[in-house]
>>> print(open('query.txt').read())   # compact mmCIF, C-alpha atoms
# COMPACT_ATOMS: atom_id res chain seq x y z
CA MET A 243 0.00 0.00 0.00
CA LEU A 244 1.05 3.56 -0.63
CA ASN A 245 3.11 4.94 2.21
CA LEU A 246 0.45 6.90 4.08
CA ARG A 247 2.07 9.12 6.68
CA PHE A 248 -0.56 8.64 9.39
CA ALA A 249 -2.48 5.50 10.29
CA THR A 250 -6.20 5.80 10.85
CA PRO A 251 -6.73 5.69 14.63
CA PRO A 252 -9.04 3.13 16.30
CA GLU A 253 -11.50 5.91 17.17
CA TRP A 254 -12.45 6.10 13.51
CA LEU A 255 -13.55 2.46 13.55
CA ASP A 256 -15.57 3.16 16.72
CA ALA A 257 -17.40 5.93 14.87
CA VAL A 258 -18.06 3.60 11.92
CA PHE A 259 -19.67 0.92 14.06
CA ALA A 260 -21.59 3.45 16.15
CA ASP A 261 -23.63 4.18 13.02
CA PHE A 262 -22.87 1.42 10.53
CA ASP A 263 -25.88 2.23 8.35
CA ALA A 264 -24.56 5.78 7.84
CA PHE A 265 -21.16 4.31 6.96
CA LEU A 266 -22.71 1.99 4.38
CA LEU A 267 -24.58 4.88 2.76
CA ASP A 268 -21.41 6.96 2.67
CA HIS A 269 -19.46 4.06 1.20
CA ALA A 270 -22.05 3.66 -1.55
CA ALA A 271 -21.73 7.37 -2.33
CA CYS A 272 -17.93 7.06 -2.46
CA GLU A 273 -18.13 4.24 -4.99
CA ARG A 274 -20.52 6.25 -7.17
CA LYS A 275 -18.28 9.32 -6.98
CA ALA A 276 -15.21 7.24 -7.81
CA ALA A 277 -16.87 5.99 -11.00
CA ALA A 278 -17.66 9.58 -11.94
CA THR A 279 -14.07 10.61 -11.20
CA GLY A 280 -12.75 7.98 -13.59
CA MET A 281 -14.99 9.22 -16.36
CA SER A 282 -14.16 12.86 -15.63
CA PHE A 283 -10.52 12.13 -16.50
CA VAL A 284 -11.63 10.56 -19.78
CA VAL A 285 -13.76 13.59 -20.66
CA ARG A 286 -11.19 16.19 -19.52
CA TYR A 287 -8.08 14.57 -21.03
CA PRO A 288 -9.14 12.77 -24.25
CA ASP A 289 -5.69 13.48 -25.74
CA LYS A 290 -3.86 11.54 -22.98
CA SER A 291 -4.23 8.10 -24.55
CA PRO A 292 -2.21 6.22 -21.87
CA ILE A 293 -4.88 6.98 -19.27
CA ILE A 294 -8.10 6.51 -21.27
CA GLU A 295 -8.58 2.72 -21.38
CA PRO A 296 -7.39 2.15 -17.79
CA LEU A 297 -9.71 4.84 -16.45
CA ILE A 298 -12.69 3.54 -18.40
CA GLU A 299 -12.03 0.15 -16.77
CA PHE A 300 -11.61 1.85 -13.38
CA ALA A 301 -14.94 3.65 -13.79
CA ARG A 302 -16.66 0.40 -14.78
CA GLU A 303 -15.27 -1.43 -11.76
CA GLU A 304 -16.23 1.40 -9.41
CA LEU A 305 -19.74 1.39 -10.88
CA GLU A 306 -19.91 -2.35 -10.13
CA HIS A 307 -18.82 -1.59 -6.57
CA PHE A 308 -21.57 1.00 -6.33
CA GLN A 309 -24.05 -1.66 -7.41
CA ILE A 310 -22.72 -4.00 -4.71
CA MET A 311 -23.10 -1.28 -2.10
CA TYR A 312 -26.55 -0.35 -3.39
CA ARG A 313 -27.68 -3.95 -2.96
CA ILE A 314 -26.31 -4.00 0.59
CA VAL A 315 -28.02 -0.77 1.63
CA HIS A 316 -31.25 -1.73 -0.14
CA ALA A 317 -31.31 -5.10 1.67
CA ARG A 318 -31.03 -3.19 4.96
CA GLY A 319 -34.01 -1.03 4.03
CA LEU A 320 -31.88 2.08 3.55
CA ILE A 321 -32.32 4.74 0.90
CA LEU A 322 -29.34 6.29 -0.88
CA ALA A 323 -28.44 9.70 0.50
CA ASP A 324 -28.41 12.95 -1.44
CA ASP A 325 -25.06 14.02 -2.80
CA TYR A 326 -22.85 15.97 -0.40
CA LYS A 327 -19.38 17.44 -0.34
CA ASP A 328 -16.71 15.25 1.25
CA ALA A 329 -14.49 17.49 3.42
CA TYR A 330 -11.54 15.12 3.06
CA VAL A 331 -11.68 14.86 -0.73
CA ASN A 332 -12.38 18.57 -1.17
CA ALA A 333 -9.42 19.52 1.03
CA LEU A 334 -7.12 17.27 -1.00
CA ARG A 335 -8.49 18.64 -4.26
CA SER A 336 -7.76 22.17 -3.01
CA GLN A 337 -4.08 21.26 -3.42
CA VAL A 338 -4.44 20.62 -7.17
CA ARG A 339 -2.62 23.23 -9.21
CA ASN A 340 -4.60 25.12 -11.85
CA GLY A 341 -3.97 24.43 -15.49
CA GLY A 342 -1.37 22.66 -17.53
CA ASP A 343 0.37 19.39 -16.87
CA GLY A 344 0.68 20.18 -13.16
CA MET A 345 -3.07 19.95 -12.88
CA LEU A 346 -3.24 16.50 -14.48
CA LEU A 347 -0.37 15.21 -12.35
CA ASP A 348 -1.97 16.51 -9.17
CA LYS A 349 -5.37 15.08 -10.05
CA LEU A 350 -3.85 11.64 -10.66
CA LEU A 351 -1.86 11.76 -7.43
CA VAL A 352 -4.78 13.02 -5.36
CA ALA A 353 -6.97 10.23 -6.74
CA GLY A 354 -4.23 7.74 -5.81
CA VAL A 355 -4.00 9.09 -2.27
CA VAL A 356 -7.80 8.98 -1.84
CA GLU A 357 -7.82 5.36 -3.03
CA ALA A 358 -4.94 4.51 -0.67
CA ARG A 359 -6.79 5.90 2.35
CA GLY A 360 -9.92 4.06 1.25
CA CYS A 361 -7.89 0.87 0.95
CA GLU A 362 -6.50 1.22 4.46
CA ARG A 363 -9.91 1.92 5.95
CA LEU A 364 -11.82 -0.77 4.08
CA PHE A 365 -9.30 -3.34 5.31
CA LEU A 366 -9.91 -2.09 8.87
CA VAL A 367 -13.67 -2.47 8.38
CA ALA A 368 -13.25 -5.91 6.79
CA ALA A 369 -11.16 -7.16 9.70
CA ALA A 370 -13.66 -5.79 12.22
CA LEU A 371 -16.54 -7.42 10.34
CA GLU A 372 -14.65 -10.71 10.29
CA GLU A 373 -14.19 -10.50 14.08
CA ARG A 374 -17.95 -9.98 14.36
CA ALA A 375 -18.57 -12.97 12.04
CA SER A 376 -20.48 -10.67 9.68
CA PRO A 377 -21.44 -12.00 6.25
CA LEU A 378 -20.21 -8.64 4.88
CA ALA A 379 -16.60 -9.37 5.82
CA GLU A 380 -15.64 -11.10 2.57
CA THR A 381 -17.30 -8.39 0.48
CA TYR A 382 -15.28 -5.78 2.34
CA PHE A 383 -12.05 -7.71 1.89
CA ASP A 384 -12.78 -7.87 -1.85
CA LEU A 385 -13.50 -4.14 -2.01
CA ALA A 386 -10.37 -3.32 -0.02
CA ARG A 387 -8.24 -5.37 -2.41
CA ALA A 388 -9.77 -3.44 -5.31
CA GLU A 389 -8.86 -0.16 -3.61
CA ALA A 390 -5.28 -1.43 -3.35
CA ARG A 391 -5.22 -1.99 -7.10
CA HIS A 392 -6.79 1.38 -7.74
CA HIS A 393 -4.35 3.50 -5.80
CA GLY A 394 -1.54 1.74 -7.63
CA LEU A 395 -3.30 2.42 -10.93
CA PHE A 396 -3.30 6.18 -10.43
CA PHE A 397 0.39 6.24 -9.62
CA ARG A 398 1.17 4.05 -12.66
CA LEU A 399 -0.85 6.43 -14.83
CA ALA A 400 1.09 9.37 -13.42
CA ARG A 401 4.32 7.57 -14.38
CA ALA A 402 2.95 6.94 -17.87
CA CYS A 403 2.51 10.68 -18.36
CA PHE A 404 5.29 12.22 -16.24
CA SER A 405 8.86 11.53 -15.15
CA ASP A 406 9.69 10.39 -11.62
CA PRO A 407 11.56 13.63 -10.80
CA LEU A 408 8.25 15.47 -11.31
CA ILE A 409 6.11 12.88 -9.54
CA GLU A 410 8.02 12.05 -6.38
CA PRO A 411 8.33 15.49 -4.75
CA ARG A 412 4.71 16.29 -5.54
CA ALA A 413 3.51 12.94 -4.17
CA GLU A 414 5.54 13.50 -0.99
CA SER A 415 3.99 16.93 -0.52
CA LEU A 416 0.46 15.63 -1.04
CA LEU A 417 1.03 12.71 1.34
CA ASP A 418 2.28 15.11 4.02
CA PHE A 419 -0.77 17.32 3.51
CA GLU A 420 -3.08 14.29 3.65
CA ALA A 421 -1.58 13.10 6.94
CA GLU A 422 -2.18 16.45 8.60
CA LEU A 423 -5.68 16.53 7.16
CA VAL A 424 -6.58 13.11 8.57
CA LYS A 425 -5.20 14.10 11.98
CA ARG A 426 -7.47 17.13 12.22
CA LEU A 427 -10.72 15.88 10.65
CA PRO A 428 -13.31 14.59 13.10
CA HIS A 429 -14.03 10.87 13.15
CA ARG A 430 -17.35 10.01 11.57
CA ALA A 431 -19.20 7.02 10.13
CA ALA A 432 -17.76 7.61 6.66
CA VAL A 433 -14.97 6.24 4.53
CA HIS A 434 -13.08 9.55 4.64
>>> encode(input="query.txt", output="structure tokens")
Amino acid sequence: MLNLRFATPPEWLDAVFADFDAFLLDHAACERKAAATGMSFVVRYPDKSPIIEPLIEFAREELEHFQIMYRIVHARGLILADDYKDAYVNALRSQVRNGGDGMLLDKLLVAGVVEARGCERLFLVAAALEERASPLAETYFDLARAEARHHGLFFRLARACFSDPLIEPRAESLLDFEAELVKRLPHRAAVH
């Protein structure tokens, strides 16, 4: 997994299981937004052929994950929530430079960092569900493994478009920012 600078504290998992239905609804929203993010790259950067096919596949897989989450929330009698701004994602996106190649690089790296944090947290949820003998444990392990692939994908796509001397310092800076962000955001029943 990407070298996140700060591990999610146990209090986050307490918040998740204090309102697991809210967490499930948030997770469904995250999967839907991830699919849209993949397609937004395709629409915004049609001239960047190395990223197009992989991000179409990413969007398709994330849409499948949204369907999985929809079925879970529907089976629990829950209704999908209205769209809302994610403070974590929006704060990371505030670090994206405007215009040019710097913008594309930052967008790819931010997406990779978001997927890495999601990976870490979905593995925490999966392990907790397994301890509780929940039938959702295996689904969450599968989703966490997908997040692991996805964060790697965004960094590979960055390398397909940019040289390591451009990528590494920017990735380090974003990872440092992300660690401080996670430290200060309140714990809630949400993926981020």
>>> closest_atom_pairs(input="query.txt", of="segment 341-401 of chain A", to="segment 267-289 of chain A", cutoff="10 Å", atoms="all atoms listed in the file", output="JSON lines")
{"residue": "A:Leu346", "atom": "CA", "partner": "A:Tyr287", "partner_atom": "CA", "distance": 8.4}
{"residue": "A:Lys349", "atom": "CA", "partner": "A:Phe283", "partner_atom": "CA", "distance": 8.8}
{"residue": "A:Leu350", "atom": "CA", "partner": "A:Phe283", "partner_atom": "CA", "distance": 8.9}
{"residue": "A:Ala353", "atom": "CA", "partner": "A:Thr279", "partner_atom": "CA", "distance": 8.4}
{"residue": "A:Val356", "atom": "CA", "partner": "A:Ala276", "partner_atom": "CA", "distance": 9.7}
{"residue": "A:Glu357", "atom": "CA", "partner": "A:Ala276", "partner_atom": "CA", "distance": 9.0}
{"residue": "A:Gly360", "atom": "CA", "partner": "A:Cys272", "partner_atom": "CA", "distance": 9.3}
{"residue": "A:Leu364", "atom": "CA", "partner": "A:His269", "partner_atom": "CA", "distance": 9.5}
>>> closest_residue(input="query.txt", among="A:Leu399, A:Glu389, A:His434, A:Pro411", to="Glu303 of chain A", atoms="all atoms listed in the file")
A:Glu389
>>> atom_distance(input="query.txt", atom1="atom CA of Glu414 of chain A", atom2="atom CA of Arg398 of chain A")
15.6 Å
>>> atom_distance(input="query.txt", atom1="atom CA of Ala368 of chain A", atom2="atom CA of Tyr382 of chain A")
4.9 Å
>>> closest_residue(input="query.txt", among="A:Val315, A:Leu334, A:Val352, A:Cys361", to="Val424 of chain A", atoms="only C-alpha atoms")
A:Leu334
>>> atom_distance(input="query.txt", atom1="atom CA of Gly354 of chain A", atom2="atom CA of His393 of chain A")
4.2 Å
>>> residues_near_point(input="query.txt", point="(-27.9, 0.2, -3.4)", cutoff="10 Å", atoms="only C-alpha atoms", output="list in words")
Leu266, Leu267, Ala270, Ala271, His307, Phe308, Gln309, Ile310, Met311, Tyr312, Arg313, Ile314, Val315, His316, Ala317, Arg318, Gly319, Leu320, Ile321 and Leu322 of chain A
>>> residues_near_point(input="query.txt", point="(-15.7, 19.5, 5.2)", cutoff="12 Å", atoms="all atoms listed in the file", output="PDB file with C-alpha atoms, in the coordinates of the input")
ATOM      1  CA  TYR A 326     -22.850  15.970  -0.400  1.00  0.00           C
ATOM      2  CA  LYS A 327     -19.380  17.440  -0.340  1.00  0.00           C
ATOM      3  CA  ASP A 328     -16.710  15.250   1.250  1.00  0.00           C
ATOM      4  CA  ALA A 329     -14.490  17.490   3.420  1.00  0.00           C
ATOM      5  CA  TYR A 330     -11.540  15.120   3.060  1.00  0.00           C
ATOM      6  CA  VAL A 331     -11.680  14.860  -0.730  1.00  0.00           C
ATOM      7  CA  ASN A 332     -12.380  18.570  -1.170  1.00  0.00           C
ATOM      8  CA  ALA A 333      -9.420  19.520   1.030  1.00  0.00           C
ATOM      9  CA  LEU A 334      -7.120  17.270  -1.000  1.00  0.00           C
ATOM     10  CA  ARG A 335      -8.490  18.640  -4.260  1.00  0.00           C
ATOM     11  CA  SER A 336      -7.760  22.170  -3.010  1.00  0.00           C
ATOM     12  CA  LEU A 423      -5.680  16.530   7.160  1.00  0.00           C
ATOM     13  CA  VAL A 424      -6.580  13.110   8.570  1.00  0.00           C
ATOM     14  CA  ARG A 426      -7.470  17.130  12.220  1.00  0.00           C
ATOM     15  CA  LEU A 427     -10.720  15.880  10.650  1.00  0.00           C
ATOM     16  CA  PRO A 428     -13.310  14.590  13.100  1.00  0.00           C
ATOM     17  CA  HIS A 429     -14.030  10.870  13.150  1.00  0.00           C
ATOM     18  CA  ARG A 430     -17.350  10.010  11.570  1.00  0.00           C
ATOM     19  CA  HIS A 434     -13.080   9.550   4.640  1.00  0.00           C
TER      20      HIS A 434
END
>>> closest_residue(input="query.txt", among="A:Arg412, A:Asp324, A:Glu373, A:Glu306", to="Leu351 of chain A", atoms="only C-alpha atoms")
A:Arg412
>>> residues_around(input="query.txt", residues="Leu371 of chain A", least_positions_apart="2", cutoff="12 Å", atoms="all atoms listed in the file", output="list in words")
Leu255, Val258, Phe259, Phe262, Leu364, Phe365, Leu366, Val367, Ala368, Ala369, Glu373, Arg374, Ala375, Ser376, Pro377, Leu378, Ala379, Glu380, Thr381, Tyr382 and Phe383 of chain A
>>> closest_residue(input="query.txt", among="A:Leu297, A:Glu362, A:Gln337, A:Arg247", to="Leu395 of chain A", atoms="only C-alpha atoms")
A:Leu297
>>> axis_aligned_box(input="query.txt", around="segment 419-426 of chain A", padding_each_side="8 Å", output="AutoDock Vina command-line options")
--center_x -4.1 --center_y 15.2 --center_z 7.9 --size_x 22.7 --size_y 20.2 --size_z 24.7
>>> build_atoms(input="query.txt", residues="segment 314-329 of chain A", atoms="N, CA and C atoms", output="PDB file, in the coordinates of the input")
ATOM      1  N   ILE A 314     -26.462  -3.853  -0.864  1.00  0.00           N
ATOM      2  CA  ILE A 314     -26.310  -4.000   0.590  1.00  0.00           C
ATOM      3  C   ILE A 314     -27.221  -3.024   1.315  1.00  0.00           C
ATOM      4  N   VAL A 315     -27.193  -1.748   0.910  1.00  0.00           N
ATOM      5  CA  VAL A 315     -28.020  -0.770   1.630  1.00  0.00           C
ATOM      6  C   VAL A 315     -29.501  -1.018   1.383  1.00  0.00           C
ATOM      7  N   HIS A 316     -29.850  -1.430   0.170  1.00  0.00           N
ATOM      8  CA  HIS A 316     -31.250  -1.730  -0.140  1.00  0.00           C
ATOM      9  C   HIS A 316     -31.753  -2.903   0.708  1.00  0.00           C
ATOM     10  N   ALA A 317     -30.921  -3.931   0.861  1.00  0.00           N
ATOM     11  CA  ALA A 317     -31.310  -5.100   1.670  1.00  0.00           C
ATOM     12  C   ALA A 317     -31.525  -4.724   3.129  1.00  0.00           C
ATOM     13  N   ARG A 318     -30.876  -3.659   3.574  1.00  0.00           N
ATOM     14  CA  ARG A 318     -31.030  -3.190   4.960  1.00  0.00           C
ATOM     15  C   ARG A 318     -32.177  -2.194   5.095  1.00  0.00           C
ATOM     16  N   GLY A 319     -32.889  -1.952   3.991  1.00  0.00           N
ATOM     17  CA  GLY A 319     -34.010  -1.030   4.030  1.00  0.00           C
ATOM     18  C   GLY A 319     -33.591   0.434   4.017  1.00  0.00           C
ATOM     19  N   LEU A 320     -32.382   0.709   3.578  1.00  0.00           N
ATOM     20  CA  LEU A 320     -31.880   2.080   3.550  1.00  0.00           C
ATOM     21  C   LEU A 320     -32.105   2.692   2.172  1.00  0.00           C
ATOM     22  N   ILE A 321     -32.145   3.994   2.142  1.00  0.00           N
ATOM     23  CA  ILE A 321     -32.320   4.740   0.900  1.00  0.00           C
ATOM     24  C   ILE A 321     -31.054   5.555   0.671  1.00  0.00           C
ATOM     25  N   LEU A 322     -30.560   5.532  -0.566  1.00  0.00           N
ATOM     26  CA  LEU A 322     -29.340   6.290  -0.880  1.00  0.00           C
ATOM     27  C   LEU A 322     -29.511   7.748  -0.475  1.00  0.00           C
ATOM     28  N   ALA A 323     -28.417   8.316   0.029  1.00  0.00           N
ATOM     29  CA  ALA A 323     -28.440   9.700   0.500  1.00  0.00           C
ATOM     30  C   ALA A 323     -28.243  10.660  -0.667  1.00  0.00           C
ATOM     31  N   ASP A 324     -28.689  11.894  -0.464  1.00  0.00           N
ATOM     32  CA  ASP A 324     -28.410  12.950  -1.440  1.00  0.00           C
ATOM     33  C   ASP A 324     -26.908  13.166  -1.518  1.00  0.00           C
ATOM     34  N   ASP A 325     -26.475  13.725  -2.629  1.00  0.00           N
ATOM     35  CA  ASP A 325     -25.060  14.020  -2.800  1.00  0.00           C
ATOM     36  C   ASP A 325     -24.634  15.087  -1.797  1.00  0.00           C
ATOM     37  N   TYR A 326     -23.404  15.011  -1.359  1.00  0.00           N
ATOM     38  CA  TYR A 326     -22.850  15.970  -0.400  1.00  0.00           C
ATOM     39  C   TYR A 326     -21.367  16.103  -0.669  1.00  0.00           C
ATOM     40  N   LYS A 327     -20.814  17.190  -0.179  1.00  0.00           N
ATOM     41  CA  LYS A 327     -19.380  17.440  -0.340  1.00  0.00           C
ATOM     42  C   LYS A 327     -18.626  16.669   0.748  1.00  0.00           C
ATOM     43  N   ASP A 328     -17.565  16.006   0.341  1.00  0.00           N
ATOM     44  CA  ASP A 328     -16.710  15.250   1.250  1.00  0.00           C
ATOM     45  C   ASP A 328     -15.562  16.171   1.658  1.00  0.00           C
ATOM     46  N   ALA A 329     -15.498  16.547   2.940  1.00  0.00           N
ATOM     47  CA  ALA A 329     -14.490  17.490   3.420  1.00  0.00           C
ATOM     48  C   ALA A 329     -13.072  16.993   3.143  1.00  0.00           C
TER      49      ALA A 329
END
